[in-house]
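Please read the structure below before turning to the comments.
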Amino acid sequence: MDLVIRNATVIDGTGAPGYAADIAIARGRIAEIGRVTARGAEEIDAKAQLVTPGFVDIHTHYDGQAMWDPHLAPSAWHGVTTAVMGNCGVGFAPVKPADRDTLIELMEGVEDIPGPALHEGLNWQWESFPEYLDALAARPRDIDICAQLPHAALRVYVMGARALALENATPADIAEMRRLAAEAMHAGAFGFTTSRTISHKTLAGDPTPTLRAQEDELTGIALGLRDAGSGMIELVSDWNTPDAATEFAMVRRIVEATGRPLVFSLSQRHDRTRDWRTLLDLSDQAAADGLSIRPVFPPRPIGILFGLLGSQNPFSGTPSYKALAHLPLPDRVAALRDPQTRARILAEDPHAGSNFPLLARLSYARMFPFGDPPDYEPPESNSVAAIAARQGRSAADVAYDLLIADGGQSFLFAPLTNYAGFSLAPCEEMLTHPNTIVGLSDGGAHVGFISDASFPTYLLSYWGRDRATGRQPVEELIRRQTSDTARAVGLTDRGILRPGLRADLNIIDFDRLALHRPEMRFDLPAGGRRLLQRATGYTATIVAGAITYRDGAATGALPGRLVRKRAGNGKQGD
């Protein structure tokens, strides 16, 4: 045996109760579970620890990072052993040489991945989507990746400037996109993704090219998946054309016409607080009618982290702050402490010069000191506005002080979704719903102001141990991010601990499992910065039988690969 894990509490990924056993691994597969008498070339004593399948994250954006970085942090730090990327309709293939900058600008605006890092990190040794998969397959990594065909890249490839102008696709355009979609699925893509939200824009403020794609275009592309006999559809939408029920009806017609499964992003909006329940009910009805339309939800608020270390703070758009933004953090904090500078910044309009479209949706009534350890369910009484009211000060004045505290290392947390009532009750309802899927971590994206790749750790530690009410069984939480996510995308060789299946595992010291405060690192190509969040409690992460992380530190092993989905039968390749 290559590796034997002894004295473990096995949480096998099916939702069944945990049990005591050893696990033997040989040649990248689970060889035996039970009382293992054979000795391993290496052995780990997992007494009083959980052994689980590796986590499968179906909503990430490592499309660029996977080209230059063998370590897909931060997801790999949080027990993820397989990541599905290419979501939200953005990515880098297919692409004509003249459109490379267009796709970079779109990824930079939609997913907050620095353009200079993408320009330096991408070698563009591809044009077609199959060639992109080949380029991905040529590099080893610490986790497995699965790629999807992004609608924005496909549309620009076929329609050029007409796609950027949001023109309707012609029948000839649709036929070509259908052909290319089938080609991508035959090459091993896991699906096709699209975006219908006004929040997805370039840095210049231009909408994503897919925003107004008509039903005939979406159906035509999905028919390409049907032609190949493989692939799912992933969609993010505002659900307002003209309302959630009407748009869902269109989505349902596409699934009915093509037979392909579909997943969509679901969270409680703060302006339309009931739409998520409408969508949940509609997906339930679709499931009852035999259609696979499943919502993917986050286990906590999706929120902005405002800070001097990040790409955004409440004063980023003011002229006086912009004049200081280039300074190293200590010098910037010193300048911000100057009373005259403070007075100027607080007197200036924070919106007029801001390039951050979400700023207008945020208020100090929904902005909180983040803390260390971070607090993702803060009480309303701890908002910046509430603190200011108690102290008889302006909310901006309080926010300013909080930002420069701790030498500028602190953050303000501003929930965008799932926190309309200042509680995680919507998350709890989604978490206990049988048709939902846990996800939306956006690993690899929003590197300057969101840090949600830690979702797997949060799900297990907070919902399984720390929350005062509504705690969920650990076995169910593990199932939620292993077998359930794996099966949702058609992965059949992982997600469960069973002899013969792939040896992707986590060894977790559950009592010690905890999140750290995010920190900023300047380790992207071209010196780009990104927020990264560490965790404590992962004794080991194992990919294809190789230990990739010990106590959060990379071992140097790179057993991860590109997984190709087989067209025709929908199963992944070997």
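Chain identifiers are assigned as A, B, and so on, following the order in which chains appear in the structure tokens; residues are numbered from 1 within each chain, and ligands are numbered from 1 in order of appearance.
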Discussion item. Residues within 9 Å of range 303-314 of chain A, please, as a ChimeraX atom specification. Count only C-alpha atoms; anything in the same chain fewer than 4 positions from it doesn't count.
Written reply: /A:112,318,325,329,332-333,350-351,356,359,370,376,396,399-400,403-404,408-417,447-452,519-520,529-531
Write a file of the just-selected residues containing C-alpha atoms, as a PDB file, in the first residue's frame.
```pdb
ATOM      1  CA  ASP A 112     -11.724  41.502 -10.523  1.00  0.00           C
ATOM      2  CA  THR A 318     -12.655  60.579  -3.812  1.00  0.00           C
ATOM      3  CA  ALA A 325      -3.645  55.416  -3.322  1.00  0.00           C
ATOM      4  CA  LEU A 329       0.363  51.090   3.161  1.00  0.00           C
ATOM      5  CA  ARG A 332      -0.858  55.928   3.208  1.00  0.00           C
ATOM      6  CA  VAL A 333      -2.095  55.315   6.753  1.00  0.00           C
ATOM      7  CA  PRO A 350     -17.289  59.071  -2.790  1.00  0.00           C
ATOM      8  CA  HIS A 351     -19.418  58.063  -5.780  1.00  0.00           C
ATOM      9  CA  PHE A 356     -16.914  50.386  -8.580  1.00  0.00           C
ATOM     10  CA  LEU A 359     -20.777  51.036  -4.379  1.00  0.00           C
ATOM     11  CA  PHE A 370     -14.959  42.416  10.083  1.00  0.00           C
ATOM     12  CA  TYR A 376     -19.923  36.662   8.802  1.00  0.00           C
ATOM     13  CA  ALA A 396     -18.387  58.004   7.289  1.00  0.00           C
ATOM     14  CA  ALA A 399     -15.776  54.005   8.817  1.00  0.00           C
ATOM     15  CA  TYR A 400     -12.702  56.153   8.280  1.00  0.00           C
ATOM     16  CA  LEU A 403     -10.120  51.562   8.066  1.00  0.00           C
ATOM     17  CA  ILE A 404      -6.972  53.127   9.500  1.00  0.00           C
ATOM     18  CA  GLY A 408      -4.630  49.621   7.788  1.00  0.00           C
ATOM     19  CA  GLN A 409      -4.869  45.833   8.079  1.00  0.00           C
ATOM     20  CA  SER A 410      -8.548  45.821   9.038  1.00  0.00           C
ATOM     21  CA  PHE A 411     -11.561  45.323   6.787  1.00  0.00           C
ATOM     22  CA  LEU A 412     -15.172  46.396   6.726  1.00  0.00           C
ATOM     23  CA  PHE A 413     -17.624  43.687   5.691  1.00  0.00           C
ATOM     24  CA  ALA A 414     -20.534  44.767   3.493  1.00  0.00           C
ATOM     25  CA  PRO A 415     -22.984  41.935   2.693  1.00  0.00           C
ATOM     26  CA  LEU A 416     -24.503  42.215  -0.784  1.00  0.00           C
ATOM     27  CA  THR A 417     -26.852  39.239  -0.634  1.00  0.00           C
ATOM     28  CA  VAL A 447      -9.172  39.006  -5.677  1.00  0.00           C
ATOM     29  CA  GLY A 448      -9.244  42.619  -4.515  1.00  0.00           C
ATOM     30  CA  PHE A 449     -12.492  42.812  -2.535  1.00  0.00           C
ATOM     31  CA  ILE A 450     -14.131  39.392  -2.016  1.00  0.00           C
ATOM     32  CA  SER A 451     -12.646  36.334  -0.330  1.00  0.00           C
ATOM     33  CA  ASP A 452     -15.164  33.512  -0.588  1.00  0.00           C
ATOM     34  CA  GLU A 519      -4.545  38.972   4.025  1.00  0.00           C
ATOM     35  CA  MET A 520      -3.261  40.664   0.901  1.00  0.00           C
ATOM     36  CA  ARG A 529      -2.320  41.631  -5.512  1.00  0.00           C
ATOM     37  CA  ARG A 530      -4.943  39.234  -4.223  1.00  0.00           C
ATOM     38  CA  LEU A 531      -6.805  38.565  -1.009  1.00  0.00           C
TER      39      LEU A 531
END
```
Practice prompt. Fewer than 6 positions away in the same chain doesn't count, so skip those; otherwise give me all residues within 9 Å of Phe129 in chain A, counting only C-alpha atoms, as a list in words.
Written response: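 In the requested format, the answer is Phe92, Ala93, Pro94, Val95, Leu149, Leu180, Glu183, Ala184, Ala187 and Ala189 of chain A.
You can rank A:Asp523, A:Asp509, A:Glu428, A:Asp372 by their closest distance to Tyr538 in chain A using only C-alpha atoms, and at the top of that list sits A:Asp509.
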Could you make a table, as CSV, of the residues of range 487-526 of chain A that have an atom within 10 Å of an atom of range 546-553 of chain A, each with its nearest atom pair and distance in Å to one decimal, counting only C-alpha atoms, in chain and number order?
```
residue,atom,partner,partner_atom,distance
A:Ala503,CA,A:Ala546,CA,8.4
A:Asp504,CA,A:Ala546,CA,8.5
A:Leu505,CA,A:Ile547,CA,9.1
A:Asn506,CA,A:Tyr549,CA,9.5
A:Ile507,CA,A:Arg550,CA,9.4
A:Ile508,CA,A:Asp551,CA,9.4
A:Asp509,CA,A:Asp551,CA,9.8
```
Selection from above, N, CA and C atoms, as a compact mmCIF listing (two decimals), in the first residue's frame, can you write it?
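Saved file part-v1.txt follows:
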```
# COMPACT_ATOMS: atom_id res chain seq x y z
N ALA A 503 -8.64 8.43 -4.95
CA ALA A 503 -8.22 8.71 -3.57
C ALA A 503 -7.97 10.20 -3.38
N ASP A 504 -9.07 10.97 -3.39
CA ASP A 504 -9.06 12.39 -3.02
C ASP A 504 -9.68 12.48 -1.64
N LEU A 505 -8.91 12.93 -0.65
CA LEU A 505 -9.38 12.91 0.73
C LEU A 505 -8.90 14.14 1.49
N ASN A 506 -9.61 14.43 2.58
CA ASN A 506 -9.16 15.38 3.58
C ASN A 506 -9.11 14.71 4.94
N ILE A 507 -8.06 15.00 5.69
CA ILE A 507 -7.99 14.61 7.10
C ILE A 507 -8.14 15.90 7.90
N ILE A 508 -9.21 15.97 8.71
CA ILE A 508 -9.61 17.23 9.33
C ILE A 508 -9.66 17.09 10.84
N ASP A 509 -8.94 17.96 11.53
CA ASP A 509 -9.05 18.08 12.98
C ASP A 509 -10.22 19.03 13.24
```
Item to complete: Do a neighbour search on Phe248 in chain A at 9 Å with only C-alpha atoms, toss out local chain neighbours closer than 6 positions, and write the hits as a list in words.
Response: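 What passes the distance filter is Trp239, Leu279, Leu282 and Ser283 of chain A.
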Item to complete: Please provide as an MDAnalysis selection string all residues within 12 Å of Val51 in chain A, with the sequence filter that same-chain residues fewer than 2 positions apart are discarded (counting only C-alpha atoms).
Response: chainID A and resid 4:13 18:23 33 44:49 53:55 79 474:475 478 496:497 503:510 538:542
Generate the output file for the selected residues, C-alpha atoms, as a JSON list (two decimals), in the first residue's frame.
```
[["chain", "number", "residue", "atom", "x", "y", "z"],
["A", 4, "VAL", "CA", -2.61, 3.92, 5.07],
["A", 5, "ILE", "CA", -4.70, 6.26, 7.23],
["A", 6, "ARG", "CA", -5.40, 4.67, 10.60],
["A", 7, "ASN", "CA", -7.90, 5.18, 13.42],
["A", 8, "ALA", "CA", -10.02, 7.60, 11.39],
["A", 9, "THR", "CA", -13.62, 8.66, 11.82],
["A", 10, "VAL", "CA", -14.75, 8.10, 8.25],
["A", 11, "ILE", "CA", -17.36, 10.50, 6.85],
["A", 12, "ASP", "CA", -17.82, 8.83, 3.49],
["A", 13, "GLY", "CA", -19.67, 11.57, 1.55],
["A", 18, "GLY", "CA", -19.49, 8.35, 10.49],
["A", 19, "TYR", "CA", -17.70, 5.20, 11.54],
["A", 20, "ALA", "CA", -14.27, 4.13, 12.74],
["A", 21, "ALA", "CA", -11.97, 2.57, 10.14],
["A", 22, "ASP", "CA", -8.59, 2.58, 8.44],
["A", 23, "ILE", "CA", -8.22, 3.56, 4.78],
["A", 33, "ILE", "CA", -11.68, 0.65, 4.06],
["A", 44, "ILE", "CA", -0.96, 8.67, 9.12],
["A", 45, "ASP", "CA", -2.59, 8.32, 12.51],
["A", 46, "ALA", "CA", -5.95, 10.12, 12.21],
["A", 47, "LYS", "CA", -7.17, 9.35, 15.71],
["A", 48, "ALA", "CA", -9.95, 11.76, 16.79],
["A", 49, "GLN", "CA", -10.00, 13.28, 13.30],
["A", 53, "PRO", "CA", -13.71, 12.86, 0.46],
["A", 54, "GLY", "CA", -11.95, 15.81, -1.13],
["A", 55, "PHE", "CA", -14.27, 18.75, -1.72],
["A", 79, "GLY", "CA", -9.92, 21.04, 1.19],
["A", 474, "VAL", "CA", -21.42, 17.01, 9.82],
["A", 475, "GLU", "CA", -22.18, 14.02, 7.60],
["A", 478, "ILE", "CA", -19.71, 16.76, 3.90],
["A", 496, "ILE", "CA", -17.42, 9.21, -1.98],
["A", 497, "LEU", "CA", -14.96, 7.13, 0.05],
["A", 503, "ALA", "CA", -8.22, 8.71, -3.57],
["A", 504, "ASP", "CA", -9.06, 12.39, -3.02],
["A", 505, "LEU", "CA", -9.38, 12.91, 0.73],
["A", 506, "ASN", "CA", -9.16, 15.38, 3.58],
["A", 507, "ILE", "CA", -7.99, 14.61, 7.10],
["A", 508, "ILE", "CA", -9.61, 17.23, 9.33],
["A", 509, "ASP", "CA", -9.05, 18.08, 12.98],
["A", 510, "PHE", "CA", -12.64, 19.23, 13.36],
["A", 538, "TYR", "CA", -6.64, 20.54, 7.72],
["A", 539, "THR", "CA", -4.13, 17.92, 8.86],
["A", 540, "ALA", "CA", -3.69, 16.69, 5.30],
["A", 541, "THR", "CA", -5.22, 16.98, 1.86],
["A", 542, "ILE", "CA", -4.69, 14.09, -0.55]]
```
Practice prompt. Could you check how far CA of Tyr419 in chain A sits from CA of Leu460 in chain A, in Å to one decimal?
Written response: 19.7 Å
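With only C-alpha atoms as the atoms that count, the residue of A:Pro473, A:Leu336, A:Met67, A:Leu513 with the shortest distance to Ala323 in chain A is A:Leu336.
Candidate residues A:Leu164, A:Ala204, A:Ala181, A:Leu280 were compared for distance to Leu223 in chain A, and the nearest is A:Ala181, using only C-alpha atoms.
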Discussion item. Applying 10 Å and only C-alpha atoms, which residues near range 193-197 of chain A remain after dropping the ones on its own chain fewer than 3 positions away? List them as a count of residues only.
Written reply: 37
